[in-house]
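Visitor: Please find protein_25.cif (mmCIF, C-alpha atoms) on the next line:
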data_entry
loop_
_atom_site.label_atom_id
_atom_site.label_comp_id
_atom_site.auth_asym_id
_atom_site.auth_seq_id
_atom_site.Cartn_x
_atom_site.Cartn_y
_atom_site.Cartn_z
CA MET N 161 -32.75 -22.35 -21.26
CA SER N 162 -29.73 -22.81 -19.03
CA ALA N 163 -30.30 -22.10 -15.34
CA ALA N 164 -27.67 -22.38 -12.62
CA PHE N 165 -27.45 -22.63 -8.87
CA ASP N 166 -27.16 -19.06 -7.56
CA HIS N 167 -27.22 -19.07 -3.78
CA LEU N 168 -28.15 -20.96 -0.65
CA VAL N 169 -30.44 -19.13 1.78
CA ILE N 170 -29.64 -19.43 5.50
CA ALA N 171 -32.34 -17.78 7.63
CA ALA N 172 -31.78 -16.50 11.16
CA ALA N 173 -33.99 -14.93 13.80
CA THR N 174 -31.50 -12.04 13.90
CA LEU N 175 -28.55 -11.21 11.68
CA ALA N 176 -26.25 -11.28 14.73
CA GLU N 177 -27.28 -14.89 15.39
CA GLY N 178 -26.63 -15.72 11.75
CA ILE N 179 -23.12 -14.25 11.90
CA ALA N 180 -22.31 -16.22 15.07
CA TRP N 181 -23.69 -19.41 13.50
CA CYS N 182 -21.48 -18.90 10.45
CA LYS N 183 -18.36 -18.50 12.59
CA ASN N 184 -19.15 -21.60 14.65
CA THR N 185 -20.42 -23.84 11.85
CA LEU N 186 -18.34 -22.83 8.84
CA GLY N 187 -15.31 -21.37 10.60
CA ILE N 188 -15.46 -18.00 8.89
CA THR N 189 -16.98 -14.56 9.43
CA PRO N 190 -19.41 -13.73 6.62
CA GLY N 191 -18.62 -10.83 4.33
CA PRO N 192 -20.68 -7.67 4.00
CA GLY N 193 -24.17 -7.72 2.56
CA GLY N 194 -26.83 -5.05 2.54
CA GLU N 195 -30.43 -4.10 3.13
CA HIS N 196 -33.48 -4.94 1.03
CA ALA N 197 -35.85 -2.01 1.26
CA LEU N 198 -38.61 -3.84 -0.61
CA PHE N 199 -38.82 -6.63 1.97
CA GLY N 200 -37.41 -5.11 5.16
CA THR N 201 -34.59 -7.66 5.42
CA HIS N 202 -30.80 -7.53 5.58
CA ASN N 203 -28.06 -10.04 4.89
CA ARG N 204 -24.41 -11.09 4.95
CA LEU N 205 -22.74 -13.01 2.11
CA LEU N 206 -19.99 -15.55 1.41
CA LYS N 207 -18.70 -16.80 -1.93
CA LEU N 208 -19.05 -20.55 -2.58
CA ALA N 209 -16.93 -22.59 -4.94
CA CYS N 210 -19.35 -24.75 -6.93
CA ASP N 211 -18.87 -26.81 -10.09
CA GLY N 212 -20.96 -25.40 -12.91
CA ALA N 213 -21.94 -22.29 -10.94
CA PRO N 214 -19.09 -19.73 -10.95
CA ASN N 215 -21.20 -17.09 -9.18
CA ALA N 216 -22.47 -19.27 -6.34
CA TYR N 217 -22.67 -17.84 -2.85
CA LEU N 218 -24.23 -18.31 0.58
CA GLU N 219 -26.65 -15.76 2.02
CA ILE N 220 -27.44 -15.30 5.70
CA ILE N 221 -30.69 -13.34 5.91
CA ALA N 222 -32.96 -12.03 8.66
CA VAL N 223 -35.79 -9.60 9.15
CA ASN N 224 -34.36 -6.12 9.75
CA PRO N 225 -36.05 -4.84 12.94
CA GLY N 226 -35.16 -1.26 12.05
CA ALA N 227 -36.82 -1.29 8.63
CA THR N 228 -40.38 -1.18 7.35
CA PRO N 229 -40.87 -3.09 4.09
CA ALA N 230 -41.74 -0.94 1.10
CA ARG N 231 -43.92 -3.88 0.10
CA VAL N 232 -46.89 -3.16 2.38
CA ALA N 233 -49.39 -5.56 3.90
CA PRO N 234 -51.07 -7.80 2.94
CA LEU N 235 -48.04 -8.53 0.71
CA LYS N 236 -45.51 -10.70 2.56
CA ARG N 237 -41.73 -10.78 2.82
CA TRP N 238 -39.86 -13.23 0.62
CA PHE N 239 -38.76 -16.73 1.69
CA ASP N 240 -41.68 -17.12 4.16
CA LEU N 241 -39.91 -14.80 6.62
CA ASP N 242 -43.30 -13.51 7.80
CA GLN N 243 -44.47 -17.03 8.62
CA PRO N 244 -44.85 -17.44 12.42
CA ALA N 245 -43.98 -21.15 12.30
CA LEU N 246 -40.71 -20.45 10.52
CA GLN N 247 -39.74 -17.65 12.89
CA ALA N 248 -40.54 -19.87 15.88
CA ARG N 249 -38.31 -22.61 14.48
CA LEU N 250 -35.46 -20.15 13.93
CA GLN N 251 -35.76 -18.90 17.48
CA GLN N 252 -35.87 -22.42 18.93
CA GLN N 253 -33.39 -24.21 16.66
CA GLY N 254 -31.16 -21.39 15.46
CA PRO N 255 -30.09 -20.40 11.93
CA GLN N 256 -30.61 -23.00 9.23
CA PRO N 257 -30.88 -23.43 5.46
CA ILE N 258 -34.45 -22.85 4.35
CA HIS N 259 -34.26 -22.33 0.61
CA TRP N 260 -32.14 -21.81 -2.49
CA VAL N 261 -32.18 -19.53 -5.51
CA ALA N 262 -31.50 -20.36 -9.16
CA SER N 263 -30.40 -17.81 -11.75
CA VAL N 264 -31.96 -17.80 -15.21
CA PRO N 265 -31.12 -15.79 -18.33
CA ASP N 266 -34.78 -14.90 -18.98
CA LEU N 267 -37.05 -14.79 -15.93
CA GLY N 268 -40.25 -14.30 -17.93
CA GLU N 269 -39.53 -17.35 -20.06
CA ALA N 270 -38.76 -19.47 -17.01
CA LEU N 271 -41.93 -18.43 -15.21
CA THR N 272 -44.00 -19.22 -18.31
CA ALA N 273 -42.41 -22.67 -18.52
CA TRP N 274 -43.25 -23.34 -14.88
CA ARG N 275 -46.85 -22.18 -15.31
CA ALA N 276 -47.17 -24.84 -18.00
CA LEU N 277 -46.33 -27.35 -15.26
CA GLY N 278 -48.94 -25.85 -12.94
CA ILE N 279 -46.40 -23.94 -10.83
CA GLU N 280 -47.20 -20.31 -10.00
CA ARG N 281 -43.93 -18.90 -8.70
CA GLY N 282 -45.23 -15.34 -8.50
CA PRO N 283 -44.71 -12.14 -10.45
CA ALA N 284 -41.32 -10.83 -11.51
CA LEU N 285 -40.32 -7.96 -9.21
CA THR N 286 -37.56 -5.45 -9.88
CA ALA N 287 -35.22 -4.84 -6.97
CA SER N 288 -31.86 -3.19 -6.28
CA ARG N 289 -29.45 -2.23 -3.54
CA HIS N 290 -26.35 -0.07 -3.33
CA THR N 291 -22.96 -1.67 -2.67
CA PRO N 292 -19.40 -0.31 -2.48
CA ALA N 293 -18.85 -1.86 -5.92
CA GLY N 294 -21.89 -0.11 -7.40
CA LEU N 295 -25.61 -0.63 -7.83
CA LEU N 296 -26.90 -4.20 -7.87
CA GLN N 297 -30.07 -4.69 -9.88
CA TRP N 298 -32.09 -7.82 -10.41
CA GLN N 299 -35.51 -9.29 -11.17
CA ILE N 300 -36.86 -11.94 -8.84
CA ALA N 301 -40.10 -13.93 -8.70
CA VAL N 302 -41.83 -13.54 -5.32
CA ARG N 303 -45.40 -14.58 -4.62
CA ASP N 304 -47.71 -12.11 -2.91
CA ASP N 305 -47.95 -14.55 0.02
CA GLY N 306 -44.15 -14.88 0.17
CA GLN N 307 -44.29 -18.69 0.01
CA ARG N 308 -41.22 -20.66 -1.02
CA LEU N 309 -43.23 -23.65 -2.39
CA LEU N 310 -42.53 -27.36 -1.96
CA SER N 311 -41.19 -26.72 1.54
CA GLY N 312 -38.37 -24.57 0.17
CA CYS N 313 -37.12 -27.24 -2.26
CA LEU N 314 -38.41 -25.46 -5.37
CA PRO N 315 -35.97 -22.60 -5.96
CA THR N 316 -36.83 -18.96 -6.23
CA LEU N 317 -35.85 -17.69 -9.69
CA ILE N 318 -33.67 -14.63 -10.21
CA GLN N 319 -32.32 -12.76 -13.22
CA TRP N 320 -29.36 -10.51 -12.47
CA GLY N 321 -28.58 -7.27 -14.22
CA ALA N 322 -25.12 -6.31 -15.45
CA ALA N 323 -23.42 -7.00 -12.10
CA HIS N 324 -23.56 -10.04 -9.84
CA PRO N 325 -22.77 -9.78 -6.10
CA ALA N 326 -20.33 -12.71 -6.26
CA HIS N 327 -18.10 -10.75 -8.65
CA SER N 328 -16.83 -8.60 -5.78
CA MET N 329 -16.68 -11.32 -3.12
CA PRO N 330 -13.27 -12.68 -2.06
CA LEU N 331 -12.65 -16.41 -1.98
CA SER N 332 -13.95 -17.87 1.29
CA GLY N 333 -12.48 -21.35 1.29
CA LEU N 334 -16.01 -22.77 1.23
CA SER N 335 -17.08 -25.24 -1.43
CA LEU N 336 -20.57 -26.54 -2.11
CA ARG N 337 -19.98 -30.22 -2.76
CA GLN N 338 -23.61 -31.22 -3.19
CA LEU N 339 -27.18 -29.98 -2.89
CA ARG N 340 -29.73 -32.72 -2.33
CA LEU N 341 -33.50 -32.32 -2.20
CA SER N 342 -36.28 -34.69 -1.27
CA HIS N 343 -40.03 -34.17 -1.44
CA PRO N 344 -43.21 -36.22 -1.89
CA GLN N 345 -43.76 -34.31 -5.16
CA HIS N 346 -40.31 -35.25 -6.44
CA SER N 347 -41.53 -35.83 -9.99
CA LEU N 348 -42.84 -32.26 -10.23
CA LEU N 349 -39.69 -30.87 -8.62
CA ARG N 350 -37.46 -32.81 -11.00
CA ALA N 351 -39.52 -31.67 -14.01
CA ALA N 352 -39.35 -28.04 -12.86
CA LEU N 353 -35.55 -28.14 -12.72
CA GLN N 354 -35.24 -29.94 -16.04
CA THR N 355 -37.56 -27.45 -17.73
CA ILE N 356 -35.26 -24.53 -16.92
CA GLY N 357 -32.12 -26.52 -17.74
CA LEU N 358 -30.78 -26.79 -14.21
CA HIS N 359 -28.61 -29.86 -13.63
CA GLY N 360 -26.46 -31.24 -10.85
CA VAL N 361 -29.01 -31.08 -8.02
CA GLY N 362 -30.10 -34.41 -6.58
CA VAL N 363 -33.86 -34.94 -6.22
CA ASP N 364 -35.42 -37.88 -4.37
CA GLY N 365 -38.80 -38.85 -3.00
CA GLY N 366 -39.60 -38.84 0.71
CA ASP N 367 -40.20 -36.31 3.45
CA PRO N 368 -39.35 -32.71 2.52
CA SER N 369 -35.70 -31.91 3.10
CA LEU N 370 -32.88 -29.77 1.78
CA ILE N 371 -29.29 -30.83 2.49
CA ALA N 372 -26.29 -28.75 1.46
CA GLU N 373 -22.92 -30.43 1.89
CA ILE N 374 -20.21 -27.80 2.25
CA ASP N 375 -16.46 -28.29 2.58
CA THR N 376 -14.85 -25.73 4.90
CA GLN N 377 -11.40 -25.04 6.31
CA ILE N 378 -12.47 -26.80 9.53
CA GLY N 379 -14.04 -29.87 7.89
CA SER N 380 -17.22 -30.83 6.11
CA ALA N 381 -20.64 -29.56 7.17
CA ALA N 382 -24.03 -31.00 6.21
CA LEU N 383 -26.56 -28.19 6.50
CA ARG N 384 -30.10 -29.53 6.75
CA HIS N 385 -33.62 -28.18 6.56
#
Can you give me the file's structure in the form of structure tokens?

Guide:
Amino acid sequence: MSAAFDHLVIAAATLAEGIAWCKNTLGITPGPGGEHALFGTHNRLLKLACDGAPNAYLEIIAVNPGATPARVAPLKRWFDLDQPALQARLQQQGPQPIHWVASVPDLGEALTAWRALGIERGPALTASRHTPAGLLQWQIAVRDDGQRLLSGCLPTLIQWGAAHPAHSMPLSGLSLRQLRLSHPQHSLLRAALQTIGLHGVGVDGGDPSLIAEIDTQIGSAALRH
């Protein structure tokens, strides 16, 4: 199996706050995104240059106050966006990286491999959204409780259909230089990434953290969670 970095997830209390953060922090206005009917969220996107990951991008995501998730209670939104502690942190500290997503060629195979390690990443869900370039379709593993696992360091797994959103994104001038993770369960995290054939992500022991180092037109930015 050969997995790859797919996208970095920046969460915001509101999408407007996320857009302003992007302008101030990365020096660029994010491109268009869309709405996710299944989870009641919406986003804005930016292409990232990244060695070994030609389709890498950055996602700014927030709960859409004007939408009701098709995924009804007690099922939760993805990326812990229903978690009160996370929402409180976003309101107090502003937008921040909370997670990342890895693409795999066969989601079922990847989930089976992780179950063998004792990791239950959740069922494979089918999702889609309309874009000016056509219909985007994908499968993504989301737990019923919406948890990210390992404090967001363990990636969510996605398998794209025929089209990938990065294909229609213009160059942004942003480059992901490095993604570094640390967690007390670093051995499990490292084994999970190796099992799906994902390389190039640094994993260390210590307190949970996710650091994305991004080069921008206004300098380097170290985004931390």

Visitor: Could you jot down the atom CA of N:Cys210 to atom CA of N:Leu331 separation for me, Å, one decimal place?

Guide: 11.8 Å

Visitor: Please identify all polymer residues within 8 Å of N:Pro265, counting all atoms listed in the file, omitting same-chain residues fewer than 6 positions from it, and present them as a ChimeraX atom specification.

Guide: /N:161-163,319

Visitor: Could you list as a PDB file with C-alpha atoms, in the coordinates of the input every residue that has an atom within 10 Å of (-30.5, -25.0, 4.3), using the file's coordinates and counting all atoms listed in the file?

Guide:
ATOM      1  CA  LEU N 168     -28.150 -20.960  -0.650  1.00  0.00           C
ATOM      2  CA  VAL N 169     -30.440 -19.130   1.780  1.00  0.00           C
ATOM      3  CA  ILE N 170     -29.640 -19.430   5.500  1.00  0.00           C
ATOM      4  CA  ALA N 171     -32.340 -17.780   7.630  1.00  0.00           C
ATOM      5  CA  LEU N 218     -24.230 -18.310   0.580  1.00  0.00           C
ATOM      6  CA  PRO N 255     -30.090 -20.400  11.930  1.00  0.00           C
ATOM      7  CA  GLN N 256     -30.610 -23.000   9.230  1.00  0.00           C
ATOM      8  CA  PRO N 257     -30.880 -23.430   5.460  1.00  0.00           C
ATOM      9  CA  ILE N 258     -34.450 -22.850   4.350  1.00  0.00           C
ATOM     10  CA  HIS N 259     -34.260 -22.330   0.610  1.00  0.00           C
ATOM     11  CA  TRP N 260     -32.140 -21.810  -2.490  1.00  0.00           C
ATOM     12  CA  GLY N 312     -38.370 -24.570   0.170  1.00  0.00           C
ATOM     13  CA  CYS N 313     -37.120 -27.240  -2.260  1.00  0.00           C
ATOM     14  CA  LEU N 339     -27.180 -29.980  -2.890  1.00  0.00           C
ATOM     15  CA  SER N 369     -35.700 -31.910   3.100  1.00  0.00           C
ATOM     16  CA  LEU N 370     -32.880 -29.770   1.780  1.00  0.00           C
ATOM     17  CA  ILE N 371     -29.290 -30.830   2.490  1.00  0.00           C
ATOM     18  CA  ALA N 372     -26.290 -28.750   1.460  1.00  0.00           C
ATOM     19  CA  GLU N 373     -22.920 -30.430   1.890  1.00  0.00           C
ATOM     20  CA  ALA N 382     -24.030 -31.000   6.210  1.00  0.00           C
ATOM     21  CA  LEU N 383     -26.560 -28.190   6.500  1.00  0.00           C
ATOM     22  CA  ARG N 384     -30.100 -29.530   6.750  1.00  0.00           C
ATOM     23  CA  HIS N 385     -33.620 -28.180   6.560  1.00  0.00           C
TER      24      HIS N 385
END

Visitor: Considering all atoms listed in the file, state which residue in the set N:Leu334, N:Ala352, N:Ile221, N:Ala230 is at the smallest distance from N:Ala287.

Guide: N:Ala230

Visitor: Taking 6 positions as the minimum chain separation for residues in the same chain, which residues sit within 12 Å of N:Thr291 when counting only C-alpha atoms? Answer as a list in words.

Guide: Pro192, Gly193, Gly194, Glu195, His196, Gln297, Ala323, His324, Pro325, Ala326, His327, Ser328 and Met329 of chain N

Visitor: (-26.2, -2.9, -10.1) in this file's frame - what residues fall within 7 Å of it? Use all atoms listed in the file and give the answer as a PyMOL selection string.

Guide: chain N and resi 288+294-297+321-323
